[in-house]
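Next comes query38.pdb, a file with PDB, C-alpha atoms.
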```
ATOM      1  CA  MET H   1     -11.288   5.749  -7.842
ATOM      2  CA  ALA H   2     -14.073   4.316  -5.699
ATOM      3  CA  THR H   3     -13.246   2.173  -2.726
ATOM      4  CA  ALA H   4     -15.377  -0.273  -0.844
ATOM      5  CA  GLU H   5     -15.003  -0.977   2.818
ATOM      6  CA  VAL H   6     -14.108  -4.611   3.350
ATOM      7  CA  GLU H   7     -14.435  -6.182   6.744
ATOM      8  CA  SER H   8     -11.319  -8.063   7.766
ATOM      9  CA  PRO H   9     -11.879 -11.669   8.854
ATOM     10  CA  VAL H  10      -9.202 -11.125  11.512
ATOM     11  CA  PRO H  11      -9.760  -8.290  14.000
ATOM     12  CA  HIS H  12      -7.045  -5.624  14.074
ATOM     13  CA  GLY H  13      -4.436  -6.214  16.733
ATOM     14  CA  SER H  14      -5.189  -9.920  17.082
ATOM     15  CA  GLY H  15      -1.896 -11.119  15.636
ATOM     16  CA  GLY H  16      -3.349 -11.800  12.175
ATOM     17  CA  GLY H  17      -0.460 -10.083  10.407
ATOM     18  CA  GLY H  18       2.976  -8.872  11.181
ATOM     19  CA  GLU H  19       5.705  -6.566  10.082
ATOM     20  CA  ALA H  20       6.808  -8.970   7.354
ATOM     21  CA  THR H  21       3.274  -9.032   5.940
ATOM     22  CA  VAL H  22       3.163  -5.242   5.759
ATOM     23  CA  LYS H  23       6.592  -5.048   4.139
ATOM     24  CA  THR H  24       5.638  -7.675   1.563
ATOM     25  CA  HIS H  25       2.415  -5.842   0.741
ATOM     26  CA  LEU H  26       4.229  -2.518   0.345
ATOM     27  CA  LEU H  27       6.901  -4.053  -1.883
ATOM     28  CA  ARG H  28       4.215  -5.509  -4.147
ATOM     29  CA  VAL H  29       2.466  -2.139  -4.372
ATOM     30  CA  PHE H  30       5.786  -0.405  -5.095
ATOM     31  CA  ASN H  31       6.491  -2.901  -7.894
ATOM     32  CA  LYS H  32       3.081  -2.260  -9.462
ATOM     33  CA  LEU H  33       3.702   1.492  -9.326
ATOM     34  CA  ASP H  34       7.305   1.064 -10.534
ATOM     35  CA  VAL H  35       8.706   2.955  -7.525
ATOM     36  CA  ASP H  36      11.185   1.960  -4.844
ATOM     37  CA  ALA H  37      10.227   4.132  -1.876
ATOM     38  CA  ARG H  38       7.170   5.350   0.007
ATOM     39  CA  THR H  39       8.011   8.959  -0.749
ATOM     40  CA  ARG H  40       8.037   8.315  -4.498
ATOM     41  CA  ALA H  41       4.755   6.381  -4.219
ATOM     42  CA  VAL H  42       3.132   9.372  -2.486
ATOM     43  CA  VAL H  43       4.500  11.820  -5.067
ATOM     44  CA  LEU H  44       3.196   9.592  -7.871
ATOM     45  CA  ALA H  45      -0.225   9.364  -6.207
ATOM     46  CA  MET H  46      -0.330  13.149  -5.879
ATOM     47  CA  GLU H  47       0.660  13.595  -9.534
ATOM     48  CA  ARG H  48      -2.135  11.221 -10.553
ATOM     49  CA  GLY H  49      -4.677  13.005  -8.350
ATOM     50  CA  VAL H  50      -5.205  10.067  -6.013
ATOM     51  CA  LEU H  51      -4.131  12.083  -2.980
TER      52      LEU H  51
END
```
For this file, produce the structure as structure tokens.
Amino acid sequence: MATAEVESPVPHGSGGGGEATVKTHLLRVFNKLDVDARTRAVVLAMERGVL
């Protein structure tokens, strides 16, 4: 899978996001992968050859 570098409109560390934002993002990714934990997401990525 190819990835493109995207420049963030908000510099890192400037208060543009918080812990809740990260948790929400991870939960959405977990739902798309049909997993419920980071460990399972990593195992799935390894099985699919992403990692």
Would you mind reading off the distance between atom CA of Gly17 of chain H and atom CA of Asp34 of chain H, one decimal, in Å?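 Separation between atom CA of Gly17 of chain H and atom CA of Asp34 of chain H: 25.0 Å.
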Put the listed atoms of segment 30-36 of chain H in a box along x, y and z with 6 Å added on every side and give me the centre and edge lengths in Å to one decimal, as lines of an AutoDock Vina configuration file.
```
center_x = 7.1
center_y = 0.0
center_z = -7.7
size_x = 20.1
size_y = 17.9
size_z = 17.7
```
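Of note, atom CA of Leu26 of chain H and atom CA of Arg40 of chain H are spaced 12.5 Å apart.
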Residue contacts of segment 43-50 of chain H (9 Å, all atoms listed in the file) excluding same-chain residues fewer than 4 positions away, as an NGL selection string: :H and (1 or 33 or 35 or 38-39)
